[in-house]
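As provided, query03.csv (CSV, C-alpha atoms and all ligand atoms) reads as follows.
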```
chain,number,residue,atom,x,y,z
A,28,MET,CA,13.1,-16.7,14.7
A,29,PHE,CA,10.2,-14.7,13.1
A,30,ALA,CA,6.5,-15.3,12.5
A,31,ASN,CA,5.4,-16.2,9.0
A,32,ARG,CA,3.0,-13.3,9.1
A,33,THR,CA,5.8,-10.8,9.0
A,34,ASN,CA,7.7,-12.6,6.2
A,35,TRP,CA,7.1,-9.6,3.9
A,36,ASP,CA,9.1,-8.8,0.8
A,37,LEU,CA,10.2,-5.3,1.7
A,38,THR,CA,12.1,-4.5,-1.4
A,39,PRO,CA,10.9,-1.1,-2.6
A,40,ASN,CA,8.9,-1.2,-5.8
A,41,ARG,CA,10.5,0.3,-9.0
A,42,LEU,CA,8.5,3.5,-8.8
A,43,SER,CA,9.5,4.2,-5.2
A,44,GLU,CA,13.1,3.6,-6.2
A,45,ALA,CA,12.9,5.9,-9.2
A,46,LEU,CA,11.2,8.5,-7.0
A,47,ALA,CA,14.0,8.3,-4.3
A,48,ALA,CA,16.7,8.7,-7.0
A,49,HIS,CA,14.8,11.6,-8.6
A,50,ARG,CA,14.6,13.4,-5.2
A,51,ALA,CA,18.2,12.6,-4.4
A,52,ALA,CA,19.3,14.1,-7.7
A,53,GLY,CA,17.4,17.3,-6.7
A,54,LYS,CA,15.2,17.3,-9.8
A,55,PRO,CA,12.0,19.2,-9.9
A,56,LEU,CA,8.9,17.2,-9.1
A,57,LEU,CA,5.2,17.7,-10.1
A,58,ASP,CA,3.8,15.4,-7.5
A,59,LEU,CA,0.2,14.4,-8.4
A,60,THR,CA,0.1,11.9,-5.5
A,61,VAL,CA,0.2,14.2,-2.5
A,62,SER,CA,-2.4,13.2,0.1
A,63,ASN,CA,-1.0,14.6,3.3
A,64,PRO,CA,-3.4,17.5,3.9
A,65,THR,CA,-0.9,19.3,6.2
A,66,GLY,CA,1.5,19.6,3.3
A,67,CYS,CA,-1.0,20.8,0.6
A,68,GLY,CA,-1.1,24.5,1.4
A,69,PHE,CA,-4.4,24.6,3.3
A,70,SER,CA,-4.7,27.1,6.1
A,71,TYR,CA,-5.4,25.9,9.6
A,72,ASP,CA,-6.2,27.9,12.7
A,73,SER,CA,-2.9,27.0,14.4
A,74,LYS,CA,-3.7,29.0,17.5
A,75,ALA,CA,-7.0,27.2,18.2
A,76,ILE,CA,-5.4,23.8,17.4
A,77,LEU,CA,-2.4,24.3,19.7
A,78,GLU,CA,-4.4,25.9,22.5
A,79,ALA,CA,-6.8,22.9,22.5
A,80,LEU,CA,-3.8,20.7,23.3
A,81,SER,CA,-2.9,22.4,26.5
A,82,ASN,CA,-5.9,21.7,28.6
A,83,PRO,CA,-4.8,21.3,32.2
A,84,VAL,CA,-7.4,18.5,32.7
A,85,ALA,CA,-4.9,16.4,30.8
A,86,LEU,CA,-2.7,16.3,33.8
A,87,ARG,CA,-5.1,13.8,35.4
A,88,TYR,CA,-5.3,10.2,34.1
A,89,GLU,CA,-8.9,9.0,33.8
A,90,PRO,CA,-8.7,5.7,31.8
A,91,ASN,CA,-11.9,4.7,30.0
A,92,PRO,CA,-11.9,1.8,27.4
A,93,ARG,CA,-14.3,3.7,25.1
A,94,GLY,CA,-12.4,7.0,25.5
A,95,LEU,CA,-13.2,10.2,27.4
A,96,GLU,CA,-16.9,10.9,27.4
A,97,SER,CA,-16.4,14.5,26.3
A,98,ALA,CA,-14.6,13.3,23.2
A,99,ARG,CA,-17.2,10.7,22.4
A,100,ARG,CA,-19.9,13.3,22.8
A,101,ALA,CA,-18.1,15.4,20.3
A,102,VAL,CA,-18.2,12.4,17.9
A,103,ALA,CA,-21.9,11.9,18.6
A,104,GLU,CA,-22.5,15.7,17.9
A,105,TYR,CA,-20.7,15.3,14.6
A,106,TYR,CA,-23.2,12.7,13.6
A,107,ALA,CA,-26.1,14.7,15.0
A,108,ALA,CA,-25.1,17.6,12.8
A,109,ARG,CA,-25.6,15.2,9.9
A,110,ASN,CA,-29.0,14.2,11.3
A,111,GLU,CA,-27.8,10.8,12.4
A,112,ALA,CA,-28.5,9.9,16.0
A,113,ILE,CA,-25.6,7.9,17.6
A,114,SER,CA,-25.2,7.3,21.3
A,115,ALA,CA,-21.8,8.2,22.9
A,116,GLU,CA,-22.0,4.7,24.5
A,117,ASP,CA,-21.8,3.1,21.0
A,118,ILE,CA,-18.5,4.9,20.2
A,119,PHE,CA,-14.9,3.7,20.8
A,120,LEU,CA,-12.1,6.1,20.2
A,121,THR,CA,-9.0,4.8,18.5
A,122,THR,CA,-5.7,6.3,17.3
A,123,SER,CA,-6.5,5.7,13.6
A,124,THR,CA,-8.9,4.0,11.3
A,125,SER,CA,-6.4,1.3,10.9
A,126,GLU,CA,-6.6,0.6,14.6
A,127,GLY,CA,-10.4,0.6,14.3
A,128,TYR,CA,-10.1,-2.1,11.6
A,129,SER,CA,-8.0,-4.2,13.9
A,130,TYR,CA,-10.6,-3.9,16.7
A,131,ALA,CA,-13.3,-4.9,14.3
A,132,PHE,CA,-11.3,-7.8,12.9
A,133,ARG,CA,-10.3,-9.0,16.3
A,134,THR,CA,-13.9,-9.0,17.5
A,135,LEU,CA,-15.2,-10.9,14.5
A,136,CYS,CA,-12.6,-13.2,13.1
A,137,ASN,CA,-10.6,-16.3,14.0
A,138,PRO,CA,-7.2,-16.9,12.3
A,139,GLY,CA,-7.8,-17.8,8.7
A,140,ASP,CA,-11.3,-16.3,8.5
A,141,GLU,CA,-12.3,-14.3,5.5
A,142,VAL,CA,-13.3,-10.7,5.0
A,143,LEU,CA,-14.6,-9.3,1.7
A,144,ILE,CA,-13.0,-6.2,0.4
A,145,PRO,CA,-13.8,-4.0,-2.7
A,146,SER,CA,-11.5,-4.1,-5.7
A,147,PRO,CA,-10.2,-1.6,-6.7
A,148,SER,CA,-9.6,0.0,-3.3
A,149,TYR,CA,-7.2,1.3,-0.7
A,150,PRO,CA,-3.8,-0.4,-0.6
A,151,LEU,CA,-3.4,-0.8,3.2
A,152,PHE,CA,-5.8,-3.7,3.6
A,153,ASP,CA,-3.3,-6.4,2.8
A,154,PHE,CA,-1.0,-5.5,5.7
A,155,LEU,CA,-3.9,-5.0,8.0
A,156,ALA,CA,-5.3,-8.4,7.2
A,157,GLU,CA,-1.9,-10.2,7.4
A,158,ILE,CA,-1.2,-8.7,10.8
A,159,GLN,CA,-4.6,-10.0,12.1
A,160,ASP,CA,-4.1,-13.5,10.4
A,161,LEU,CA,-7.1,-12.9,8.1
A,162,LYS,CA,-7.7,-13.8,4.5
A,163,LEU,CA,-8.9,-11.0,2.2
A,164,VAL,CA,-11.2,-12.0,-0.6
A,165,ARG,CA,-11.9,-9.4,-3.2
A,166,TYR,CA,-15.3,-8.5,-4.6
A,167,PRO,CA,-15.1,-6.5,-7.9
A,168,LEU,CA,-16.6,-3.1,-8.4
A,169,LEU,CA,-17.9,-2.5,-11.9
A,170,TYR,CA,-17.9,0.7,-13.9
A,171,ASP,CA,-21.1,1.3,-15.9
A,172,HIS,CA,-22.3,4.9,-15.7
A,173,GLY,CA,-20.6,5.1,-12.4
A,174,TRP,CA,-19.1,2.6,-10.0
A,175,GLN,CA,-21.2,-0.1,-8.5
A,176,ILE,CA,-20.8,-3.4,-6.6
A,177,ASP,CA,-20.8,-6.6,-8.6
A,178,PHE,CA,-23.3,-8.4,-6.4
A,179,HIS,CA,-23.2,-11.6,-8.3
A,180,ALA,CA,-19.4,-11.8,-7.8
A,181,LEU,CA,-19.7,-10.7,-4.2
A,182,GLU,CA,-22.1,-13.6,-3.4
A,183,GLN,CA,-19.9,-16.0,-5.2
A,184,ALA,CA,-17.0,-15.0,-3.0
A,185,ILE,CA,-18.8,-15.8,0.3
A,186,THR,CA,-17.7,-19.0,2.0
A,187,ALA,CA,-18.5,-20.6,5.4
A,188,ARG,CA,-15.5,-18.6,6.7
A,189,THR,CA,-16.6,-15.2,5.6
A,190,ARG,CA,-17.2,-13.0,8.6
A,191,ALA,CA,-17.6,-9.5,7.2
A,192,VAL,CA,-17.8,-7.3,4.1
A,193,ILE,CA,-15.9,-4.0,4.0
A,194,VAL,CA,-17.4,-1.0,2.2
A,195,VAL,CA,-15.4,2.2,1.7
A,196,HIS,CA,-18.0,5.0,1.5
A,197,PRO,CA,-16.9,6.8,-0.6
A,198,ASN,CA,-14.3,4.5,-1.9
A,199,ASN,CA,-10.6,5.4,-2.4
A,200,PRO,CA,-9.7,5.9,-5.2
A,201,THR,CA,-12.9,5.4,-7.2
A,202,GLY,CA,-14.7,8.2,-5.3
A,203,HIS,CA,-18.1,6.6,-5.4
A,204,PHE,CA,-20.6,6.3,-2.5
A,205,THR,CA,-22.4,3.1,-1.7
A,206,LYS,CA,-26.0,3.7,-2.9
A,207,SER,CA,-29.0,3.1,-0.6
A,208,SER,CA,-30.2,0.3,-2.9
A,209,GLU,CA,-26.8,-1.3,-2.5
A,210,ARG,CA,-26.9,-0.9,1.2
A,211,THR,CA,-30.3,-2.7,1.3
A,212,LYS,CA,-28.8,-5.6,-0.7
A,213,LEU,CA,-25.7,-5.8,1.4
A,214,ASN,CA,-27.9,-6.0,4.6
A,215,ALA,CA,-29.9,-8.8,3.1
A,216,ILE,CA,-26.7,-10.7,2.1
A,217,CYS,CA,-25.2,-10.2,5.5
A,218,ILE,CA,-28.3,-11.4,7.3
A,219,ALA,CA,-28.5,-14.5,5.1
A,220,HIS,CA,-24.8,-15.4,5.8
A,221,GLN,CA,-24.4,-14.0,9.4
A,222,MET,CA,-21.8,-11.5,8.3
A,223,ALA,CA,-21.1,-8.0,9.6
A,224,ILE,CA,-20.5,-4.8,7.7
A,225,VAL,CA,-17.3,-2.8,8.3
A,226,ALA,CA,-17.8,0.7,6.8
A,227,ASP,CA,-14.9,3.0,6.3
A,228,GLU,CA,-16.2,6.5,6.0
A,229,VAL,CA,-13.1,8.7,6.3
A,230,PHE,CA,-14.1,10.6,3.2
A,231,LEU,CA,-17.9,10.8,3.9
A,232,ASP,CA,-18.0,14.6,4.1
A,233,PHE,CA,-16.2,15.1,0.8
A,234,ALA,CA,-19.0,14.8,-1.7
A,235,LEU,CA,-18.1,17.1,-4.6
A,236,ASP,CA,-21.7,18.1,-5.3
A,237,GLY,CA,-22.2,19.1,-1.7
A,238,SER,CA,-24.7,16.3,-1.1
A,239,ARG,CA,-24.8,14.5,2.2
A,240,ALA,CA,-24.7,10.7,1.9
A,241,ALA,CA,-26.2,8.7,4.8
A,242,SER,CA,-23.6,7.2,7.2
A,243,PHE,CA,-23.6,3.5,7.9
A,244,ALA,CA,-23.3,4.4,11.6
A,245,THR,CA,-27.1,4.2,11.9
A,246,ASN,CA,-27.4,1.0,9.9
A,247,SER,CA,-29.5,-1.2,12.2
A,248,GLY,CA,-30.3,-4.3,10.1
A,249,VAL,CA,-27.0,-6.1,10.6
A,250,LEU,CA,-24.1,-5.7,13.0
A,251,THR,CA,-22.2,-2.8,11.6
A,252,PHE,CA,-18.8,-1.2,12.6
A,253,THR,CA,-18.4,2.2,11.1
A,254,LEU,CA,-14.9,3.8,11.1
A,255,SER,CA,-13.9,7.4,10.7
A,256,GLY,CA,-11.5,9.9,12.1
A,257,LEU,CA,-10.2,13.4,12.1
A,258,SER,CA,-7.2,12.7,9.8
A,259,LYS,CA,-9.5,13.3,6.8
A,260,ILE,CA,-12.6,15.0,8.3
A,261,SER,CA,-10.6,17.9,9.8
A,262,GLY,CA,-7.3,17.3,7.9
A,263,LEU,CA,-5.4,16.5,11.1
A,264,PRO,CA,-3.7,13.1,10.5
A,265,GLN,CA,-0.9,14.0,12.9
A,266,MET,CA,-3.4,14.1,15.9
A,267,LYS,CA,-4.2,10.4,15.6
A,268,ALA,CA,-7.9,10.8,16.6
A,269,ALA,CA,-10.3,8.3,15.1
A,270,TRP,CA,-13.3,6.2,16.2
A,271,LEU,CA,-15.4,3.1,15.6
A,272,THR,CA,-19.2,3.0,16.1
A,273,VAL,CA,-21.3,-0.1,16.6
A,274,SER,CA,-24.8,-0.4,15.3
A,275,GLY,CA,-27.2,-3.3,14.5
A,276,PRO,CA,-29.7,-5.7,16.1
A,277,GLN,CA,-29.7,-5.2,19.9
A,278,ASN,CA,-28.4,-8.6,20.9
A,279,LEU,CA,-25.5,-8.6,18.5
A,280,LYS,CA,-24.7,-5.0,19.3
A,281,ARG,CA,-24.6,-5.7,23.1
A,282,GLU,CA,-22.3,-8.7,22.5
A,283,ALA,CA,-20.0,-6.7,20.2
A,284,LEU,CA,-19.8,-3.8,22.6
A,285,GLY,CA,-18.8,-6.0,25.5
A,286,ARG,CA,-16.0,-7.7,23.5
A,287,LEU,CA,-14.7,-4.4,22.1
A,288,GLU,CA,-14.6,-3.0,25.6
A,289,VAL,CA,-12.1,-5.7,26.6
A,290,ILE,CA,-9.9,-5.1,23.5
A,291,ALA,CA,-10.0,-1.3,24.0
A,292,ASP,CA,-9.3,-1.7,27.7
A,293,THR,CA,-6.2,-3.8,26.9
A,294,TYR,CA,-4.7,-0.9,24.9
A,295,LEU,CA,-6.2,2.3,26.2
A,296,SER,CA,-4.4,3.8,23.2
A,297,VAL,CA,-5.7,7.4,22.8
A,298,ASN,CA,-3.9,10.0,24.8
A,299,ALA,CA,-5.7,12.5,27.1
A,300,PRO,CA,-4.6,15.8,25.5
A,301,VAL,CA,-5.9,14.7,22.1
A,302,GLN,CA,-9.2,13.4,23.5
A,303,LEU,CA,-9.7,16.7,25.3
A,304,ALA,CA,-8.9,18.6,22.1
A,305,MET,CA,-11.3,16.7,19.9
A,306,PRO,CA,-14.3,19.2,20.2
A,307,ALA,CA,-11.9,21.9,19.0
A,308,PHE,CA,-10.5,19.7,16.3
A,309,PHE,CA,-14.1,19.0,15.1
A,310,GLU,CA,-14.6,22.8,14.8
A,311,GLN,CA,-11.7,22.9,12.4
A,312,ARG,CA,-13.6,20.7,9.9
A,313,HIS,CA,-15.8,23.5,8.6
A,314,SER,CA,-13.0,25.7,7.2
A,315,PHE,CA,-10.9,22.7,6.2
A,316,GLN,CA,-13.6,21.0,4.3
A,317,GLU,CA,-14.6,24.2,2.5
A,318,GLN,CA,-10.9,24.7,1.4
A,319,LEU,CA,-10.5,21.1,0.4
A,320,LEU,CA,-13.7,20.8,-1.6
A,321,SER,CA,-12.9,24.1,-3.4
A,322,ARG,CA,-9.4,22.7,-4.3
A,323,ALA,CA,-10.8,19.4,-5.5
A,324,ARG,CA,-13.6,21.0,-7.5
A,325,GLY,CA,-11.2,23.5,-9.1
A,326,ASN,CA,-8.7,20.7,-10.0
A,327,LEU,CA,-11.5,18.6,-11.5
A,328,LYS,CA,-12.6,21.6,-13.7
A,329,GLU,CA,-9.0,22.0,-14.8
A,330,LEU,CA,-8.7,18.3,-15.5
A,331,ASP,CA,-11.8,18.5,-17.7
A,332,ARG,CA,-10.5,21.5,-19.5
A,333,LEU,CA,-7.2,19.7,-20.3
A,334,LEU,CA,-9.1,16.5,-21.2
A,335,THR,CA,-11.1,18.3,-23.9
A,336,ARG,CA,-7.9,19.2,-25.7
A,337,GLN,CA,-7.0,15.6,-26.5
A,338,ASN,CA,-8.8,12.4,-27.2
A,339,VAL,CA,-6.4,9.7,-25.9
A,340,CYS,CA,-7.2,9.8,-22.1
A,341,SER,CA,-10.4,10.1,-20.2
A,342,ARG,CA,-11.4,10.1,-16.6
A,343,PHE,CA,-13.9,8.1,-14.5
A,344,ALA,CA,-16.9,9.9,-12.9
A,345,VAL,CA,-16.0,10.9,-9.4
A,346,GLU,CA,-18.6,11.7,-6.7
A,347,GLY,CA,-16.3,12.4,-3.7
A,348,GLY,CA,-13.1,11.8,-1.8
A,349,TRP,CA,-9.6,13.0,-2.6
A,350,TYR,CA,-8.6,11.0,-5.7
A,351,GLY,CA,-9.3,10.7,-9.4
A,352,VAL,CA,-8.7,7.9,-11.8
A,353,LEU,CA,-7.5,8.5,-15.4
A,354,ARG,CA,-8.1,6.0,-18.2
A,355,VAL,CA,-4.9,5.9,-20.3
A,356,PRO,CA,-3.8,3.7,-23.3
A,357,ALA,CA,-2.6,0.3,-22.0
A,358,VAL,CA,0.3,0.1,-24.3
A,359,ARG,CA,2.8,-0.7,-21.5
A,360,SER,CA,2.5,-1.5,-17.8
A,361,ASP,CA,1.1,1.3,-15.7
A,362,GLU,CA,4.2,1.1,-13.6
A,363,ASP,CA,6.5,1.6,-16.6
A,364,LEU,CA,4.3,4.5,-17.6
A,365,ALA,CA,4.5,6.1,-14.2
A,366,ILE,CA,8.3,5.7,-14.2
A,367,GLU,CA,8.6,7.3,-17.6
A,368,LEU,CA,6.4,10.2,-16.6
A,369,LEU,CA,8.7,10.7,-13.6
A,370,THR,CA,12.0,10.5,-15.5
A,371,SER,CA,11.0,12.3,-18.7
A,372,LYS,CA,8.3,14.8,-17.4
A,373,ASN,CA,9.0,15.1,-13.7
A,374,ALA,CA,5.4,14.1,-13.0
A,375,CYS,CA,4.6,11.6,-10.3
A,376,VAL,CA,1.3,9.5,-10.5
A,377,HIS,CA,0.3,6.2,-9.0
A,378,PRO,CA,-0.2,3.2,-11.3
A,379,GLY,CA,-3.6,1.6,-11.0
A,380,HIS,CA,-2.3,-1.7,-9.7
A,381,PHE,CA,-1.3,0.1,-6.4
A,382,TYR,CA,-5.0,0.3,-5.9
A,383,ASP,CA,-5.8,-3.2,-7.1
A,384,PHE,CA,-6.9,-2.3,-10.7
A,385,ARG,CA,-6.7,-5.7,-12.3
A,386,SER,CA,-5.4,-4.6,-15.7
A,387,ASP,CA,-3.2,-1.8,-17.1
A,388,GLY,CA,-4.6,1.5,-18.4
A,389,PHE,CA,-5.3,3.3,-15.1
A,390,LEU,CA,-3.5,6.1,-13.3
A,391,VAL,CA,-4.5,7.4,-9.9
A,392,ILE,CA,-4.1,11.1,-9.1
A,393,SER,CA,-4.7,13.2,-6.0
A,394,MET,CA,-7.4,15.9,-6.5
A,395,ILE,CA,-6.0,17.8,-3.5
A,396,THR,CA,-2.7,18.6,-5.2
A,397,PRO,CA,-2.0,22.3,-5.0
A,398,LYS,CA,-3.6,24.0,-8.1
A,399,ALA,CA,-0.5,25.1,-10.1
A,400,ILE,CA,1.2,21.8,-9.7
A,401,PHE,CA,-1.9,19.9,-10.6
A,402,SER,CA,-2.3,21.9,-13.8
A,403,LYS,CA,1.3,21.6,-14.8
A,404,GLY,CA,1.4,17.9,-13.8
A,405,ILE,CA,-1.6,16.9,-15.8
A,406,THR,CA,-0.4,18.9,-18.8
A,407,ALA,CA,2.9,16.9,-18.6
A,408,VAL,CA,1.1,13.6,-18.4
A,409,PHE,CA,-0.9,14.5,-21.6
A,410,HIS,CA,2.2,15.7,-23.3
A,411,LEU,CA,3.8,12.2,-22.9
A,412,LEU,CA,0.6,10.3,-23.8
A,413,CYS,CA,-1.0,12.3,-26.6
B,501,LIG,C1,-10.1,4.6,2.7
B,501,LIG,C2,-9.1,5.0,3.8
B,501,LIG,N1,-9.3,4.6,5.1
B,501,LIG,C3,-8.5,4.9,6.1
B,501,LIG,C4,-7.4,5.7,5.8
B,501,LIG,C5,-6.5,6.0,7.0
B,501,LIG,O1,-7.1,6.7,7.9
B,501,LIG,P1,-6.3,6.9,9.4
B,501,LIG,O2,-5.4,8.0,9.2
B,501,LIG,O3,-7.5,7.3,10.3
B,501,LIG,O4,-5.7,5.6,9.7
B,501,LIG,C6,-7.1,6.2,4.5
B,501,LIG,C7,-5.9,7.0,4.3
B,501,LIG,O5,-5.7,7.4,3.2
B,501,LIG,C8,-8.0,5.8,3.5
B,501,LIG,O6,-7.8,6.2,2.3
```
Can you give me the file's structure in the form of structure tokens?
Amino acid sequence: MFANRTNWDLTPNRLSEALAAHRAAGKPLLDLTVSNPTGCGFSYDSKAILEALSNPVALRYEPNPRGLESARRAVAEYYAARNEAISAEDIFLTTSTSEGYSYAFRTLCNPGDEVLIPSPSYPLFDFLAEIQDLKLVRYPLLYDHGWQIDFHALEQAITARTRAVIVVHPNNPTGHFTKSSERTKLNAICIAHQMAIVADEVFLDFALDGSRAASFATNSGVLTFTLSGLSKISGLPQMKAAWLTVSGPQNLKREALGRLEVIADTYLSVNAPVQLAMPAFFEQRHSFQEQLLSRARGNLKELDRLLTRQNVCSRFAVEGGWYGVLRVPAVRSDEDLAIELLTSKNACVHPGHFYDFRSDGFLVISMITPKAIFSKGITAVFHLLC
């Protein structure tokens, strides 16, 4: 009856089961994995957000495969404010970055084609690829005075079926940005193998040192699809407002835009009230990003203070994004450790293998956890381990 591609093993993992039991028993929880910004104690301008959703222009349906021009102009202005010139004609609105990935994959790949993804990285890729009948091939990131791409391994991973390489800039959970020298190398590799770049920049604005990394949206050397959205940029995941931009050599860009237009026209997925509200939602980013960065910097400082009191655990350098990675003794599986932290210390962390760390000894924590919970939670983790 069903397609092989949906033949998933949907049994919950042991940590999810333990967490559900913990919650059902009404036990206290120091949740160091929270990443839903609307549940982390940030203050939003509710009036401006709700008013933006009641624009009477939304009563009229004006379908446009790329999305309403006013909304795409707001996206272009976001890039202009970062000194990156993007035309509204090169932007497609989507309901999420995940939808943006599916547009890019559908444009580039036949069933069974391959896409390179960084490892460690974000756990949603497997499902996204399976739904599109793609094969993911991992290229390792190395840690040596900061995270970097293992270019030798990346080149070894390329086959005649490789269509694209994904970069997450900055990556989740390693929090490192793709360096400009790495971008130059990626471009050369993609030209040599006729591959495209798919850049996920949902965390681009969250550099902890306040620096402004260049976006891939203006990368012109190879066909490049850049994905981002307001779920992270303005902390509004519930609004389902995201986009995909296309850049690259003119002939490839023209071809990609034409094909994308048909895909987007088939779905016309973004609703009018949200599109009309996008300029106002972009405005929210200033206050949101200030609060978020202050939270993440404060938590990092607290983490470093607690780390100096022990000598068993350490952390990886983090440049940006919402996550941190702890190095812990690999004396048991990370999943067993996470379950023990939950049951004995009420602290919830993610084991590294959720993010494709290939060995034990890594825990992933959310740096946007409310301050008091973060401090208590990390203290509890170190109590168990040290
Ligand atoms: C790297 C990365 N890309 C995309 C997303 C999802 O973004 P969206 O809500 O726009 O689908 C996330 C969510 O955590 C993420 O970590």
Counting all atoms listed in the file, the option among A:His196, A:Arg133, A:Arg359, A:His49 closest to Ala291 in chain A: A:Arg133
May I have the residues within 10 Å of ligand LIG 501 (chain B), computed using all atoms listed in the file, as number ranges by chain? A: 62-63, 121-128, 148-152, 194-200, 202, 226-230, 254-260, 262-270, 348-350
9 Å contact set for Val102 in chain A, only C-alpha atoms, chain neighbours under 4 positions out, as a ChimeraX atom specification: /A:97-98,106-107,113,115,118,270,305-306,309
Between CA of Cys340 in chain A and CA of Asn373 in chain A, what is the distance in Å, rounded to a tenth? 19.0 Å
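Shortest separation to Asp232 in chain A among A:Phe384, A:Tyr130, A:Tyr170, A:Phe315 occurs at residue A:Phe315, atoms counted being all atoms listed in the file.
Residues with any atom within 8 Å of Val391 in chain A, counting all atoms listed in the file and excluding same-chain neighbours fewer than 3 positions away, are Thr60, Pro200, Tyr350, Gly351, Val352, Leu353, Val376, His377, Pro378 and Gly379 of chain A.
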As JSON, numbers by chain, please: the residues near Asp117 in chain A (cut-off 12 Å, all atoms listed in the file, same-chain neighbours under 6 positions excluded). {"A": [92, 93, 94, 96, 99, 100, 102, 103, 244, 245, 251, 252, 253, 270, 271, 272, 273, 274, 275, 277, 280, 281, 282, 283, 284, 285, 287, 288]}
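Distance-wise, CA of Gly139 in chain A and CA of Leu213 in chain A end up 22.8 Å apart.
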Of the residues A:Cys217, A:Gly388, A:Arg32, A:Phe308, which is the one nearest to Ser73 in chain A, using all atoms listed in the file? A:Phe308
Shell around Gly347 in chain A at 6 Å using all atoms listed in the file, local window under 5 positions removed, as a list in words: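 My reading of the contact set: Gly202, Phe233, Ala234 and Leu235 of chain A.
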Distance of CA of Phe69 in chain A from CA of Thr201 in chain A, expressed in Å to one decimal place: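 Between CA of Thr201 in chain A and CA of Phe69 in chain A the gap is 23.5 Å.
The nearest approach to Pro64 in chain A among the residues A:Ile400, A:Leu77, A:Cys413, A:Ile395, with all atoms listed in the file taken into account, belongs to A:Ile395.
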Which of these, A:Arg165, A:Arg385, A:Arg322, A:Arg354, has the shortest distance to Phe401 in chain A once you count only C-alpha atoms?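 Of all the options, A:Arg322 lies closest to Phe401 in chain A.
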Restricted to C-alpha atoms, what does range 172-185 of chain A look like when written out as a tab-separated table (two decimals), in the first residue's frame?
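The resulting file, out-v2.tsv, is reproduced below:
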```
chain	number	residue	atom	x	y	z
A	172	HIS	CA	41.49	25.72	16.28
A	173	GLY	CA	37.87	26.06	15.16
A	174	TRP	CA	35.70	24.10	12.76
A	175	GLN	CA	36.60	23.79	9.11
A	176	ILE	CA	35.67	21.77	6.03
A	177	ASP	CA	37.73	18.64	5.35
A	178	PHE	CA	38.19	19.43	1.65
A	179	HIS	CA	40.08	16.25	0.91
A	180	ALA	CA	37.16	14.15	2.20
A	181	LEU	CA	34.64	16.41	0.45
A	182	GLU	CA	36.33	15.88	-2.91
A	183	GLN	CA	36.56	12.14	-2.30
A	184	ALA	CA	32.80	12.08	-1.67
A	185	ILE	CA	31.92	13.54	-5.10
```
